[in-house]
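Engineer: Dropping in coords.pdb, with PDB, C-alpha atoms.
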MODEL        1
ATOM      1  CA  MET T   1       0.000   0.000   0.000
ATOM      2  CA  ALA T   2       2.844   2.324   0.756
ATOM      3  CA  SER T   3       4.357   1.760  -2.654
ATOM      4  CA  LYS T   4       1.015   2.419  -4.441
ATOM      5  CA  PHE T   5       0.496   5.588  -2.488
ATOM      6  CA  SER T   6       3.930   6.884  -3.315
ATOM      7  CA  ILE T   7       3.489   6.188  -7.043
ATOM      8  CA  ARG T   8       0.109   7.930  -7.146
ATOM      9  CA  SER T   9       1.443  10.906  -5.237
ATOM     10  CA  LEU T  10       4.388  11.234  -7.631
ATOM     11  CA  ARG T  11       2.068  11.141 -10.650
ATOM     12  CA  ALA T  12      -0.150  13.786  -9.143
ATOM     13  CA  ILE T  13       2.783  16.021  -8.388
ATOM     14  CA  SER T  14       4.219  15.646 -11.902
ATOM     15  CA  SER T  15       0.857  16.266 -13.579
ATOM     16  CA  SER T  16       0.221  19.330 -11.471
ATOM     17  CA  ALA T  17       3.705  20.683 -12.225
ATOM     18  CA  ARG T  18       3.446  20.399 -16.025
ATOM     19  CA  PRO T  19       0.917  23.174 -16.623
ATOM     20  CA  ARG T  20       2.870  25.508 -14.394
ATOM     21  CA  SER T  21       6.083  25.060 -16.405
ATOM     22  CA  THR T  22       4.169  25.405 -19.637
ATOM     23  CA  CYS T  23       2.495  28.537 -18.383
ATOM     24  CA  LEU T  24       5.796  29.935 -17.289
ATOM     25  CA  ARG T  25       7.369  29.294 -20.678
ATOM     26  CA  ALA T  26       4.348  30.685 -22.475
ATOM     27  CA  SER T  27       4.307  33.759 -20.291
ATOM     28  CA  ASN T  28       8.003  34.387 -20.877
ATOM     29  CA  LEU T  29       7.835  33.868 -24.659
ATOM     30  CA  PRO T  30       5.996  37.061 -25.661
ATOM     31  CA  SER T  31       8.285  39.231 -23.570
ATOM     32  CA  ALA T  32      11.350  37.677 -25.178
ATOM     33  CA  VAL T  33       9.911  38.083 -28.656
ATOM     34  CA  SER T  34       8.912  41.656 -27.953
ATOM     35  CA  GLN T  35      12.409  42.407 -26.705
ATOM     36  CA  ARG T  36      13.986  40.967 -29.846
ATOM     37  CA  ARG T  37      11.600  42.888 -32.065
ATOM     38  CA  GLY T  38      12.334  46.035 -30.155
ATOM     39  CA  LEU T  39      16.075  45.645 -30.694
ATOM     40  CA  SER T  40      15.677  44.958 -34.393
ATOM     41  CA  THR T  41      13.453  47.961 -34.964
ATOM     42  CA  THR T  42      15.761  50.296 -33.082
ATOM     43  CA  THR T  43      18.754  49.300 -35.238
ATOM     44  CA  GLU T  44      16.884  49.742 -38.492
ATOM     45  CA  SER T  45      15.267  53.061 -37.615
ATOM     46  CA  SER T  46      17.305  56.240 -37.994
ATOM     47  CA  PRO T  47      16.695  59.813 -36.933
ATOM     48  CA  PRO T  48      15.303  62.106 -39.599
ATOM     49  CA  GLU T  49      18.309  64.411 -39.385
ATOM     50  CA  SER T  50      20.818  61.652 -40.197
ATOM     51  CA  SER T  51      18.711  60.380 -43.099
ATOM     52  CA  SER T  52      18.507  63.865 -44.603
ATOM     53  CA  THR T  53      22.249  64.317 -44.160
ATOM     54  CA  GLN T  54      22.958  61.028 -45.915
ATOM     55  CA  ALA T  55      20.636  61.992 -48.756
ATOM     56  CA  ASN T  56      22.484  65.276 -49.249
ATOM     57  CA  GLU T  57      25.853  63.549 -49.243
ATOM     58  CA  THR T  58      24.795  60.998 -51.826
ATOM     59  CA  GLN T  59      23.846  63.829 -54.155
ATOM     60  CA  LYS T  60      27.339  65.354 -53.983
ATOM     61  CA  PRO T  61      30.125  63.904 -56.175
ATOM     62  CA  ARG T  62      32.406  61.428 -54.451
ATOM     63  CA  TRP T  63      35.574  63.498 -54.922
ATOM     64  CA  SER T  64      34.177  66.610 -53.199
ATOM     65  CA  TYR T  65      33.690  65.342 -49.634
ATOM     66  CA  THR T  66      35.068  62.903 -47.079
ATOM     67  CA  PRO T  67      32.823  59.909 -46.331
ATOM     68  CA  PRO T  68      31.319  60.244 -42.833
ATOM     69  CA  ALA T  69      32.210  56.645 -41.981
ATOM     70  CA  ALA T  70      35.895  57.415 -42.653
ATOM     71  CA  LYS T  71      36.026  60.318 -40.195
ATOM     72  CA  ALA T  72      37.478  59.849 -36.732
ATOM     73  CA  PRO T  73      35.460  61.028 -33.719
ATOM     74  CA  PHE T  74      38.266  63.419 -32.792
ATOM     75  CA  ARG T  75      41.408  64.873 -34.351
ATOM     76  CA  LEU T  76      44.726  63.285 -33.481
ATOM     77  CA  ARG T  77      46.553  66.563 -34.105
ATOM     78  CA  ALA T  78      44.125  69.101 -32.769
ATOM     79  CA  HIS T  79      46.840  71.716 -32.145
ATOM     80  CA  SER T  80      48.911  71.197 -35.287
ATOM     81  CA  THR T  81      50.835  74.271 -36.431
ATOM     82  CA  ARG T  82      51.405  73.065 -39.984
ATOM     83  CA  PRO T  83      49.587  75.345 -42.428
ATOM     84  CA  GLU T  84      46.918  73.921 -44.687
ATOM     85  CA  PHE T  85      48.064  73.358 -48.253
ATOM     86  CA  PRO T  86      45.502  74.698 -50.749
ATOM     87  CA  VAL T  87      44.449  72.366 -53.561
ATOM     88  CA  ASN T  88      42.231  72.863 -56.552
ATOM     89  CA  GLU T  89      38.516  72.252 -56.087
ATOM     90  CA  ASP T  90      37.299  73.904 -59.285
ATOM     91  CA  PRO T  91      36.235  71.480 -62.058
ATOM     92  CA  ALA T  92      36.846  74.155 -64.706
ATOM     93  CA  VAL T  93      40.537  74.412 -63.756
ATOM     94  CA  LEU T  94      40.876  70.625 -63.920
ATOM     95  CA  ASN T  95      39.221  70.510 -67.341
ATOM     96  CA  GLU T  96      41.617  73.149 -68.630
ATOM     97  CA  PHE T  97      44.560  70.977 -67.612
ATOM     98  CA  TYR T  98      43.161  67.919 -69.392
ATOM     99  CA  VAL T  99      42.700  69.997 -72.542
ATOM    100  CA  ARG T 100      46.326  71.182 -72.331
ATOM    101  CA  PHE T 101      47.603  67.661 -71.761
ATOM    102  CA  LEU T 102      45.334  65.552 -73.979
ATOM    103  CA  GLY T 103      44.326  68.113 -76.591
ATOM    104  CA  ASN T 104      40.904  69.248 -77.719
ATOM    105  CA  GLY T 105      38.212  67.168 -76.066
ATOM    106  CA  GLY T 106      40.602  65.925 -73.412
ATOM    107  CA  ASP T 107      38.218  66.979 -70.668
ATOM    108  CA  LYS T 108      35.626  64.555 -72.091
ATOM    109  CA  LEU T 109      37.958  61.577 -72.384
ATOM    110  CA  LEU T 110      37.536  60.400 -68.784
ATOM    111  CA  SER T 111      34.548  60.270 -66.472
ATOM    112  CA  GLU T 112      34.169  62.998 -63.873
ATOM    113  CA  GLU T 113      35.073  60.808 -60.910
ATOM    114  CA  VAL T 114      38.154  59.276 -62.565
ATOM    115  CA  LYS T 115      39.452  62.690 -63.637
ATOM    116  CA  TRP T 116      39.711  63.679 -59.984
ATOM    117  CA  LEU T 117      40.972  60.302 -58.850
ATOM    118  CA  ALA T 118      43.874  60.376 -61.323
ATOM    119  CA  VAL T 119      45.226  63.640 -59.866
ATOM    120  CA  THR T 120      44.748  62.681 -56.190
ATOM    121  CA  HIS T 121      47.762  61.536 -54.180
ATOM    122  CA  LYS T 122      47.390  59.239 -51.191
ATOM    123  CA  SER T 123      48.547  62.003 -48.850
ATOM    124  CA  PHE T 124      45.489  64.117 -49.621
ATOM    125  CA  ASP T 125      42.769  63.823 -46.973
ATOM    126  CA  GLN T 126      44.632  60.773 -45.602
ATOM    127  CA  GLY T 127      43.528  58.778 -48.640
ATOM    128  CA  ARG T 128      39.867  58.837 -47.597
ATOM    129  CA  ARG T 129      38.650  60.054 -50.996
ATOM    130  CA  GLY T 130      40.635  57.532 -52.996
ATOM    131  CA  PHE T 131      44.086  57.897 -54.565
ATOM    132  CA  ASN T 132      45.899  57.084 -57.795
ATOM    133  CA  ASP T 133      48.479  54.461 -56.799
ATOM    134  CA  ARG T 134      46.983  51.615 -58.821
ATOM    135  CA  LEU T 135      46.344  53.794 -61.839
ATOM    136  CA  ALA T 136      49.968  54.962 -61.724
ATOM    137  CA  PHE T 137      51.220  51.365 -61.551
ATOM    138  CA  LEU T 138      49.375  50.509 -64.767
ATOM    139  CA  GLY T 139      50.287  53.731 -66.537
ATOM    140  CA  LYS T 140      53.980  53.355 -65.758
ATOM    141  CA  ARG T 141      54.071  49.921 -67.388
ATOM    142  CA  ILE T 142      52.408  51.336 -70.513
ATOM    143  CA  VAL T 143      54.837  54.260 -70.803
ATOM    144  CA  GLN T 144      57.886  52.047 -70.231
ATOM    145  CA  LEU T 145      56.691  49.546 -72.840
ATOM    146  CA  GLN T 146      56.213  52.283 -75.429
ATOM    147  CA  ALA T 147      59.626  53.700 -74.541
ATOM    148  CA  SER T 148      61.243  50.293 -75.124
ATOM    149  CA  LEU T 149      59.521  49.959 -78.485
ATOM    150  CA  ALA T 150      60.667  53.442 -79.450
ATOM    151  CA  LEU T 151      64.274  52.657 -78.572
ATOM    152  CA  VAL T 152      64.197  49.477 -80.669
ATOM    153  CA  GLN T 153      62.718  51.309 -83.673
ATOM    154  CA  ASP T 154      65.028  54.337 -83.465
ATOM    155  CA  ALA T 155      68.427  52.773 -83.983
ATOM    156  CA  GLY T 156      70.162  55.889 -85.300
ATOM    157  CA  ASN T 157      69.529  58.573 -82.692
ATOM    158  CA  PHE T 158      70.418  56.429 -79.683
ATOM    159  CA  ALA T 159      72.997  54.087 -81.227
ATOM    160  CA  ARG T 160      76.107  53.397 -79.204
ATOM    161  CA  GLU T 161      79.568  52.791 -80.561
ATOM    162  CA  VAL T 162      80.649  49.171 -80.251
ATOM    163  CA  PRO T 163      84.396  48.660 -79.691
ATOM    164  CA  GLU T 164      86.259  46.703 -82.317
ATOM    165  CA  ASP T 165      86.964  43.076 -81.633
ATOM    166  CA  PRO T 166      90.728  42.514 -80.972
ATOM    167  CA  HIS T 167      90.614  39.317 -83.044
ATOM    168  CA  GLY T 168      88.933  40.930 -86.024
ATOM    169  CA  ARG T 169      85.680  39.040 -85.675
ATOM    170  CA  GLN T 170      82.541  40.531 -87.132
ATOM    171  CA  PRO T 171      79.256  39.870 -85.290
ATOM    172  CA  PHE T 172      76.091  39.107 -87.211
ATOM    173  CA  THR T 173      74.167  42.246 -88.127
ATOM    174  CA  HIS T 174      70.704  42.876 -89.482
ATOM    175  CA  PRO T 175      68.699  46.103 -89.851
ATOM    176  CA  ALA T 176      65.901  44.689 -87.696
ATOM    177  CA  LEU T 177      68.358  44.018 -84.861
ATOM    178  CA  ASP T 178      70.217  47.325 -84.864
ATOM    179  CA  GLY T 179      67.859  48.865 -82.336
ATOM    180  CA  LEU T 180      68.438  46.148 -79.746
ATOM    181  CA  LYS T 181      71.664  47.858 -78.752
ATOM    182  CA  ASN T 182      69.611  50.742 -77.409
ATOM    183  CA  LEU T 183      67.328  48.558 -75.315
ATOM    184  CA  THR T 184      69.051  48.839 -71.960
ATOM    185  CA  SER T 185      67.654  49.773 -68.612
ATOM    186  CA  ASN T 186      70.064  52.694 -68.349
ATOM    187  CA  THR T 187      68.996  54.226 -71.663
ATOM    188  CA  ARG T 188      65.296  53.815 -71.003
ATOM    189  CA  GLY T 189      65.654  55.001 -67.418
ATOM    190  CA  PHE T 190      67.516  58.106 -68.541
ATOM    191  CA  LEU T 191      64.910  59.056 -71.140
ATOM    192  CA  THR T 192      61.945  58.348 -68.832
ATOM    193  CA  SER T 193      63.511  59.464 -65.577
ATOM    194  CA  LYS T 194      61.528  61.053 -62.799
ATOM    195  CA  TRP T 195      63.151  64.429 -63.380
ATOM    196  CA  LYS T 196      62.299  64.525 -67.086
ATOM    197  CA  ILE T 197      58.660  63.491 -66.655
ATOM    198  CA  ALA T 198      58.239  65.871 -63.722
ATOM    199  CA  GLN T 199      59.549  68.737 -65.835
ATOM    200  CA  LEU T 200      57.162  67.729 -68.617
ATOM    201  CA  ALA T 201      54.323  67.747 -66.083
ATOM    202  CA  ARG T 202      55.274  71.309 -65.117
ATOM    203  CA  ASP T 203      55.080  72.300 -68.777
ATOM    204  CA  TYR T 204      51.464  71.079 -68.714
ATOM    205  CA  ASP T 205      50.858  72.990 -65.416
ATOM    206  CA  LEU T 206      49.994  69.783 -63.618
ATOM    207  CA  GLN T 207      51.135  71.258 -60.292
ATOM    208  CA  LYS T 208      48.069  73.509 -60.306
ATOM    209  CA  VAL T 209      45.565  70.639 -60.142
ATOM    210  CA  ILE T 210      47.233  67.819 -58.192
ATOM    211  CA  ARG T 211      45.663  67.145 -54.816
ATOM    212  CA  TRP T 212      48.201  66.227 -52.159
ATOM    213  CA  ALA T 213      49.357  67.213 -48.685
ATOM    214  CA  PRO T 214      53.099  67.938 -48.695
ATOM    215  CA  ARG T 215      55.067  67.191 -45.585
ATOM    216  CA  MET T 216      56.580  70.673 -45.709
ATOM    217  CA  PRO T 217      54.231  73.093 -47.456
ATOM    218  CA  ASP T 218      56.961  75.736 -47.493
ATOM    219  CA  ASP T 219      59.397  73.466 -49.363
ATOM    220  CA  LEU T 220      57.640  71.406 -52.044
ATOM    221  CA  GLN T 221      60.876  70.158 -53.568
ATOM    222  CA  ALA T 222      61.960  68.565 -50.301
ATOM    223  CA  SER T 223      58.442  67.166 -49.867
ATOM    224  CA  GLY T 224      58.813  65.160 -53.090
ATOM    225  CA  ILE T 225      56.786  67.070 -55.633
ATOM    226  CA  ASP T 226      58.744  65.511 -58.522
ATOM    227  CA  THR T 227      57.649  62.049 -57.445
ATOM    228  CA  VAL T 228      54.039  63.177 -57.094
ATOM    229  CA  LEU T 229      54.043  64.817 -60.534
ATOM    230  CA  THR T 230      55.545  61.749 -62.205
ATOM    231  CA  GLN T 231      53.107  59.406 -60.498
ATOM    232  CA  THR T 232      50.180  61.582 -61.563
ATOM    233  CA  MET T 233      51.298  61.529 -65.197
ATOM    234  CA  TYR T 234      51.420  57.738 -65.082
ATOM    235  CA  ALA T 235      48.035  57.625 -63.341
ATOM    236  CA  ILE T 236      46.354  59.588 -66.125
ATOM    237  CA  VAL T 237      47.685  57.134 -68.707
ATOM    238  CA  GLY T 238      46.474  54.224 -66.574
ATOM    239  CA  ALA T 239      43.024  55.777 -66.215
ATOM    240  CA  ILE T 240      42.764  56.200 -69.982
ATOM    241  CA  ALA T 241      43.758  52.573 -70.473
ATOM    242  CA  LEU T 242      40.985  51.379 -68.160
ATOM    243  CA  GLU T 243      38.229  53.566 -69.591
ATOM    244  CA  LYS T 244      39.222  53.893 -73.272
ATOM    245  CA  GLY T 245      41.414  50.867 -73.910
ATOM    246  CA  GLY T 246      45.083  50.180 -74.530
ATOM    247  CA  ARG T 247      45.211  51.617 -78.046
ATOM    248  CA  VAL T 248      44.161  55.081 -76.887
ATOM    249  CA  ALA T 249      46.493  54.899 -73.876
ATOM    250  CA  ASN T 250      49.424  53.896 -76.099
ATOM    251  CA  LYS T 251      48.763  56.833 -78.392
ATOM    252  CA  ILE T 252      48.612  59.255 -75.465
ATOM    253  CA  ALA T 253      51.864  57.873 -74.053
ATOM    254  CA  GLN T 254      53.560  58.207 -77.437
ATOM    255  CA  GLU T 255      52.315  61.654 -78.439
ATOM    256  CA  LYS T 256      51.996  63.458 -75.101
ATOM    257  CA  ILE T 257      54.854  61.973 -73.054
ATOM    258  CA  LEU T 258      57.494  60.222 -75.179
ATOM    259  CA  ALA T 259      57.471  62.538 -78.192
ATOM    260  CA  PRO T 260      58.240  65.672 -76.092
ATOM    261  CA  LEU T 261      61.068  63.703 -74.469
ATOM    262  CA  GLY T 262      62.660  62.979 -77.858
ATOM    263  CA  LEU T 263      61.235  59.544 -78.721
ATOM    264  CA  LYS T 264      59.326  60.622 -81.807
ATOM    265  CA  SER T 265      59.841  57.313 -83.556
ATOM    266  CA  ALA T 266      57.362  55.704 -81.160
ATOM    267  CA  ILE T 267      54.453  57.360 -82.977
ATOM    268  CA  SER T 268      52.924  55.004 -85.528
TER     269      SER T 268
ENDMDL
END
Now that the file is in, can you turn its structure into structure tokens?
Structural biologist:
Amino acid sequence: MASKFSIRSLRAISSSARPRSTCLRASNLPSAVSQRRGLSTTTESSPPESSSTQANETQKPRWSYTPPAAKAPFRLRAHSTRPEFPVNEDPAVLNEFYVRFLGNGGDKLLSEEVKWLAVTHKSFDQGRRGFNDRLAFLGKRIVQLQASLALVQDAGNFAREVPEDPHGRQPFTHPALDGLKNLTSNTRGFLTSKWKIAQLARDYDLQKVIRWAPRMPDDLQASGIDTVLTQTMYAIVGAIALEKGGRVANKIAQEKILAPLGLKSAIS
């Protein structure tokens, strides 16, 4: 009898406890769901001021402002004494440079965003508006290739004297191979050196439109302006190659860069 009583009492206790646990879980479920829904709605909703600000920023061109997400909450150099270096922000001035460099219609050759990106150095605005490193990498390869082809084709102007063989031997010669003597890294590096291309960039007044932040605004030469000018020239050629193709970029490199440097034979 004792065993039957204990079994019945256990069943009664378990049956009476089940609805309570179910009720507890059911009562807790809506609150948990409501809390989750509340969190999700708060993350998706935004104040009207921030939404209007984002709408205004999306209407502005990408080159003209710094993305809000790229800004730090405070300035690391709040009391910096270095003066601000002024850069061009006028699209008309930039278009005039592209016409001087690329000729008539040069301001229409590239898209508006790429025109600004090609003349922007990574030091400007801490690189937050994009910079031209990758474009310069591509453009430099194009200019160097066209310079090598020009040296091979122009065997007379850059020919070097070969010393006579002491044993009187005559090497094999052919008109198609005469230009190979010019194809050396020293010759190509001298004709396409940083100083020559930087001076050519000054002739096009490129220094008026490049966007960069020199380390010493009072001494641009010590800040590396020649390197910045050369890189920008390469970047413009690289941008043309991406948007207009290699044939147009080769022609620009031949006519606007190599021909003023003396490699006129590169023009086909």
Engineer: Under the rule that only C-alpha atoms are counted, which of T:Glu112, T:Glu96, T:Asp218, T:Asp226 is the nearest residue to Lys196 in chain T?
Structural biologist: T:Asp226
Engineer: Please evaluate the PyMOL selection byres ((chain T and resi 214) around 10) against the structure above and give the resulting residues as a VMD selection string.
Structural biologist: chain T and resid 84 to 85 121 123 to 124 211 to 213 215 to 225 228
Engineer: For the file shown, what are the residues hit by the PyMOL selection byres ((chain T and resi 135) around 10), laid out as a count of residues only?
Structural biologist: 24
Engineer: How far is it from CA of Asn250 in chain T to CA of Arg141 in chain T, in Å with one decimal?
Structural biologist: 10.6 Å
Engineer: Tell me which protein, DNA and RNA residues are within 9 Å of Lys256 in chain T, counting all atoms listed in the file, leaving out same-chain ones fewer than 5 positions away, and put them as a list of chain:residue names.
Structural biologist: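 Close residues of Lys256 in chain T: T:Phe101, T:Leu102, T:Lys251.
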Engineer: One number please: CA of Leu151 in chain T to CA of Val248 in chain T, in Å, one decimal.
Structural biologist: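 So the two atoms, CA of Leu151 in chain T and CA of Val248 in chain T, lie 20.3 Å apart.
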Engineer: Hey, can you check how far CA of Leu109 in chain T sits from CA of Phe97 in chain T?
Structural biologist: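 Separation of CA of Leu109 in chain T and CA of Phe97 in chain T: 12.4 Å.
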Engineer: Would you mind telling me which residue in T:Val209, T:Ala147, T:Leu229, T:Ala201 lies nearest to Leu258 in chain T when using all atoms listed in the file?
Structural biologist: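 Of T:Val209, T:Ala147, T:Leu229, T:Ala201, the one nearest Leu258 in chain T is T:Ala147, counting all atoms listed in the file.
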